[in-house]
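Colleague: One structure is given below, represented as structure tokens, and several questions about it will come after.
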Amino acid sequence: QRFGWKRWQARLLLTFFLGVDASFLVANLTKLDSGGWIPLAIAGAVYVCMTTWREGREILTRLTQSVTLPIELFLADLSRNHLLRVPGTAVFMAENPEGVPVVLLHHLKHCKSLHKQVILLSVMRAQQPVISDGNRMSVVNLGQGVFRLTWRHGFMEHVHVPTAIQEAVRTGLIEGGPVSYYLGHETVMTSGHARMRWWRKVVFTVLQRNARSATEFFGLPPGRVVELGAQVEL
């Protein structure tokens, strides 16, 4: 795709490399009985974990997006109900750069109030190692004190969300002040009807339970983070 090759050209090159790799594979098959099966078993286990994690996250994302409210309906409902607006800024982490994060809906359900400034923050990873500062941030004013902020980073860069907020304040795109960060925390249940083998569901729940904390990954100050949990049947 990158060089505009035809399929037969790519297949010819692939056949050459597969031939070289296959010769090494066949030559080393005699070592399986004397311990060669150990690295293969380890590689197989790692492969199963990686593919299970990817499949589980895709299913979990689809389930979350299925209950996401369109932003237009949310803003219209916000203008009609005249919710109590408290001072400060609330940052709601949004995996999907469209719609309303589920954690925001849970917050409204339980607290019946909203901060005067609400930021829907989506952290997007680009398919390049480093992002230039000019292409890193975009802010859209949705009205009624609600902003959608998209922060892009390269796959070799460390994510630090407070830096994104500070940069948006420095450039005058949003107002400054005390900031509270809201995260959603899903507890995965294996009793759902997702098209995933039961043992993969068990593996995914273990991986999900031991995954790196979102607070640590995004570089959030622990004293300013609020986590709202929900049970999701996979």
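Ordering of the structure tokens sets the chain letters (A, B, ...); residue numbers start at 1 within each chain; ligands are numbered from 1 in the order shown.
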Can you list, as a short mmCIF file (atom, residue, chain, number, x, y, z; two decimals) with C-alpha atoms, in the first residue's frame, every protein, DNA or RNA residue that comes within 7 Å of range 93-95 of chain A when you count only C-alpha atoms, leaving out same-chain residues fewer than 4 positions away?

Modeller:
data_model
loop_
_atom_site.label_atom_id
_atom_site.label_comp_id
_atom_site.auth_asym_id
_atom_site.auth_seq_id
_atom_site.Cartn_x
_atom_site.Cartn_y
_atom_site.Cartn_z
CA PRO A 101 -19.02 9.70 27.63
CA LEU A 120 -14.86 16.01 26.96
CA LEU A 121 -11.26 14.90 26.48
CA SER A 122 -10.26 12.26 23.93
CA TYR A 182 -13.64 11.85 35.91
CA LEU A 183 -12.86 8.31 34.80
#

Colleague: Can you pull out the residues contacting Cys49 in chain A? Cut-off 10 Å, using only C-alpha atoms, and skip same-chain residues under 6 positions away; I want them as a list in words.

Modeller: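 The residues satisfying every condition are Ala43, Glu55, Arg200, Val203, Phe204 and Leu207 of chain A.
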
Colleague: From a backbone DSSP assignment, name each residue in range 14-176 of chain A labelled alpha helix (DSSP H), as a ChimeraX atom specification.

Modeller: /A:14-28,37-66,71-81,102-111,161-170

Colleague: According to DSSP computed on the backbone, where in range 11-226 of chain A is there strand (DSSP E or B)? Give the residues as a count of residues only.

Modeller: 53

Colleague: Per residue of range 153-198 of chain A within 10 Å of range 140-148 of chain A, which atom pair is closest and at what distance in Å (one decimal), using only C-alpha atoms, listed by chain and increasing number, as CSV?

Modeller:
residue,atom,partner,partner_atom,distance
A:Leu173,CA,A:Asn141,CA,8.6
A:Ile174,CA,A:Phe147,CA,8.0
A:Glu175,CA,A:Gly145,CA,9.8

Colleague: Could the residues in this selection be written to a file with N, CA, C and O atoms, as a PDB file, in the first residue's frame?

Modeller:
ATOM      1  N   LEU A 173      -8.185  28.844  24.905  1.00  0.00           N
ATOM      2  CA  LEU A 173      -9.281  28.070  24.333  1.00  0.00           C
ATOM      3  C   LEU A 173     -10.309  27.681  25.388  1.00  0.00           C
ATOM      4  O   LEU A 173     -11.497  27.521  25.078  1.00  0.00           O
ATOM      5  N   ILE A 174      -9.860  27.513  26.625  1.00  0.00           N
ATOM      6  CA  ILE A 174     -10.769  27.227  27.743  1.00  0.00           C
ATOM      7  C   ILE A 174     -10.353  28.092  28.922  1.00  0.00           C
ATOM      8  O   ILE A 174      -9.257  28.662  28.940  1.00  0.00           O
ATOM      9  N   GLU A 175     -11.219  28.188  29.913  1.00  0.00           N
ATOM     10  CA  GLU A 175     -10.920  28.966  31.101  1.00  0.00           C
ATOM     11  C   GLU A 175     -10.129  28.134  32.099  1.00  0.00           C
ATOM     12  O   GLU A 175     -10.253  26.908  32.149  1.00  0.00           O
TER      13      GLU A 175
END

Colleague: Pick out the closest residue to Gly229 in chain A from this set: A:Gln128, A:Thr30, A:Thr187, A:Gln117. Count only C-alpha atoms.

Modeller: A:Thr187

Colleague: May I ask which of the residues A:Arg195, A:His160, A:Arg152, A:His185 is the closest one to Phe217 in chain A, counting only C-alpha atoms?

Modeller: A:His160

Colleague: Excluding Ser138 in chain A and any residue of its chain fewer than 3 positions from it, enumerate the residues within 9 Å of it, using only C-alpha atoms, and give them as a PyMOL selection string.

Modeller: chain A and resi 135+148-152+168

Colleague: Could those selected residues go to a file with N, CA and C atoms, as a compact mmCIF listing (two decimals), in the first residue's frame?

Modeller:
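Saved result, result.txt, follows:
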# COMPACT_ATOMS: atom_id res chain seq x y z
N ASN A 135 -0.06 20.14 15.46
CA ASN A 135 -1.10 19.17 15.12
C ASN A 135 -1.58 18.36 16.33
N ARG A 148 -15.19 20.11 23.58
CA ARG A 148 -14.61 18.82 23.19
C ARG A 148 -13.14 19.06 22.83
N LEU A 149 -12.26 18.45 23.61
CA LEU A 149 -10.82 18.61 23.41
C LEU A 149 -10.24 17.29 22.94
N THR A 150 -9.52 17.34 21.83
CA THR A 150 -8.83 16.15 21.31
C THR A 150 -7.33 16.38 21.41
N TRP A 151 -6.66 15.45 22.07
CA TRP A 151 -5.21 15.55 22.30
C TRP A 151 -4.55 14.35 21.62
N ARG A 152 -3.69 14.61 20.66
CA ARG A 152 -3.05 13.54 19.90
C ARG A 152 -1.61 13.36 20.36
N ALA A 168 -4.35 24.17 26.74
CA ALA A 168 -5.61 24.76 26.28
C ALA A 168 -5.93 26.04 27.05

Colleague: State, in Å with one decimal place, the distance from CA of Trp53 in chain A to CA of Arg125 in chain A.

Modeller: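 Atom-to-atom, CA of Trp53 in chain A to CA of Arg125 in chain A, that is 17.7 Å.
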
Colleague: Restricting the calculation to only C-alpha atoms: of A:Asn96, A:Ser113, A:Gln231, A:Gln9, which residue gets closest to Ser66 in chain A?

Modeller: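 Closest to Ser66 in chain A of all the choices is A:Asn96.
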
Colleague: List the neighbours of His158 in chain A out to 9 Å using only C-alpha atoms; skip same-chain residues closer than 2 positions along the sequence, and give me the result as a PDB file with N, CA, C and O atoms, in the first residue's frame.

Modeller:
ATOM      1  N   HIS A 153      -1.167  12.115  20.352  1.00  0.00           N
ATOM      2  CA  HIS A 153       0.213  11.826  20.747  1.00  0.00           C
ATOM      3  C   HIS A 153       0.746  10.687  19.892  1.00  0.00           C
ATOM      4  O   HIS A 153      -0.010   9.849  19.385  1.00  0.00           O
ATOM      5  N   GLY A 154       2.065  10.658  19.724  1.00  0.00           N
ATOM      6  CA  GLY A 154       2.705   9.575  18.994  1.00  0.00           C
ATOM      7  C   GLY A 154       2.868   8.354  19.877  1.00  0.00           C
ATOM      8  O   GLY A 154       2.812   8.445  21.116  1.00  0.00           O
ATOM      9  N   PHE A 155       3.094   7.202  19.248  1.00  0.00           N
ATOM     10  CA  PHE A 155       3.184   5.973  20.044  1.00  0.00           C
ATOM     11  C   PHE A 155       4.478   5.879  20.850  1.00  0.00           C
ATOM     12  O   PHE A 155       4.618   4.985  21.684  1.00  0.00           O
ATOM     13  N   MET A 156       5.424   6.800  20.626  1.00  0.00           N
ATOM     14  CA  MET A 156       6.645   6.820  21.426  1.00  0.00           C
ATOM     15  C   MET A 156       6.617   7.922  22.487  1.00  0.00           C
ATOM     16  O   MET A 156       7.601   8.112  23.202  1.00  0.00           O
ATOM     17  N   HIS A 160       0.409  12.827  29.140  1.00  0.00           N
ATOM     18  CA  HIS A 160       0.248  13.587  30.376  1.00  0.00           C
ATOM     19  C   HIS A 160      -0.912  14.557  30.175  1.00  0.00           C
ATOM     20  O   HIS A 160      -0.747  15.646  29.627  1.00  0.00           O
ATOM     21  N   PHE A 217      -1.648   5.984  33.780  1.00  0.00           N
ATOM     22  CA  PHE A 217      -1.352   6.054  32.350  1.00  0.00           C
ATOM     23  C   PHE A 217      -1.499   7.482  31.822  1.00  0.00           C
ATOM     24  O   PHE A 217      -0.672   7.953  31.038  1.00  0.00           O
ATOM     25  N   PHE A 218      -2.540   8.191  32.243  1.00  0.00           N
ATOM     26  CA  PHE A 218      -2.782   9.548  31.752  1.00  0.00           C
ATOM     27  C   PHE A 218      -2.043  10.607  32.548  1.00  0.00           C
ATOM     28  O   PHE A 218      -2.150  11.795  32.242  1.00  0.00           O
ATOM     29  N   GLY A 219      -1.321  10.215  33.598  1.00  0.00           N
ATOM     30  CA  GLY A 219      -0.564  11.180  34.383  1.00  0.00           C
ATOM     31  C   GLY A 219      -1.437  12.109  35.199  1.00  0.00           C
ATOM     32  O   GLY A 219      -1.084  13.277  35.400  1.00  0.00           O
TER      33      GLY A 219
END

Colleague: Please determine, counting only C-alpha atoms, which residue among A:Leu60, A:Val100, A:Met124, A:Ala41 has the shortest atom-to-atom distance to Glu233 in chain A.

Modeller: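 So, comparing all the options, the nearest one is A:Leu60.
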
Colleague: Of the candidates A:Val161, A:Gly172, A:Thr61, A:Ala45, which shows the shortest atom-to-atom distance to Glu216 in chain A, using only C-alpha atoms?

Modeller: A:Val161

Colleague: Within 12 Å of Trp198 in chain A, counting only C-alpha atoms, which residues qualify if same-chain residues fewer than 5 places away don't, as a list in words?

Modeller: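 Close residues of Trp198 in chain A: Thr52, Gly56, Met189, Thr190, Ser191, Gly192, His193, Val203, Phe204, Thr205 and Leu234 of chain A.
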
Colleague: Can you spit out the residues from that selection as a PDB file, in the first residue's frame, using N, CA and C atoms?

Modeller:
ATOM      1  N   THR A  52      -6.703 -11.989  22.823  1.00  0.00           N
ATOM      2  CA  THR A  52      -7.863 -11.931  23.713  1.00  0.00           C
ATOM      3  C   THR A  52      -8.090 -10.515  24.205  1.00  0.00           C
ATOM      4  N   GLY A  56     -11.422  -8.485  23.357  1.00  0.00           N
ATOM      5  CA  GLY A  56     -12.242  -8.045  24.484  1.00  0.00           C
ATOM      6  C   GLY A  56     -12.427  -6.544  24.511  1.00  0.00           C
ATOM      7  N   MET A 189     -18.162  -8.687  33.599  1.00  0.00           N
ATOM      8  CA  MET A 189     -18.820  -9.922  34.009  1.00  0.00           C
ATOM      9  C   MET A 189     -18.841 -10.876  32.811  1.00  0.00           C
ATOM     10  N   THR A 190     -18.656 -12.148  33.057  1.00  0.00           N
ATOM     11  CA  THR A 190     -18.608 -13.139  31.973  1.00  0.00           C
ATOM     12  C   THR A 190     -19.969 -13.730  31.649  1.00  0.00           C
ATOM     13  N   SER A 191     -21.043 -13.154  32.192  1.00  0.00           N
ATOM     14  CA  SER A 191     -22.378 -13.731  32.011  1.00  0.00           C
ATOM     15  C   SER A 191     -23.130 -13.162  30.818  1.00  0.00           C
ATOM     16  N   GLY A 192     -22.461 -12.367  29.988  1.00  0.00           N
ATOM     17  CA  GLY A 192     -23.122 -11.768  28.839  1.00  0.00           C
ATOM     18  C   GLY A 192     -23.215 -12.710  27.657  1.00  0.00           C
ATOM     19  N   HIS A 193     -23.703 -12.182  26.544  1.00  0.00           N
ATOM     20  CA  HIS A 193     -23.909 -12.984  25.340  1.00  0.00           C
ATOM     21  C   HIS A 193     -22.992 -12.555  24.199  1.00  0.00           C
ATOM     22  N   VAL A 203     -10.032 -15.059  30.656  1.00  0.00           N
ATOM     23  CA  VAL A 203      -8.701 -14.467  30.480  1.00  0.00           C
ATOM     24  C   VAL A 203      -8.795 -12.949  30.401  1.00  0.00           C
ATOM     25  N   PHE A 204      -9.794 -12.454  29.662  1.00  0.00           N
ATOM     26  CA  PHE A 204      -9.923 -11.003  29.507  1.00  0.00           C
ATOM     27  C   PHE A 204     -10.251 -10.328  30.837  1.00  0.00           C
ATOM     28  N   THR A 205     -11.123 -10.942  31.640  1.00  0.00           N
ATOM     29  CA  THR A 205     -11.442 -10.341  32.938  1.00  0.00           C
ATOM     30  C   THR A 205     -10.207 -10.268  33.837  1.00  0.00           C
ATOM     31  N   LEU A 234     -20.068  -9.243  29.477  1.00  0.00           N
ATOM     32  CA  LEU A 234     -19.373  -9.543  28.228  1.00  0.00           C
ATOM     33  C   LEU A 234     -19.912 -10.839  27.630  1.00  0.00           C
TER      34      LEU A 234
END

Colleague: Nearest residue to Asp77 in chain A out of A:Leu108, A:Phe16, A:Gly4, A:His115, using only C-alpha atoms?

Modeller: A:Leu108
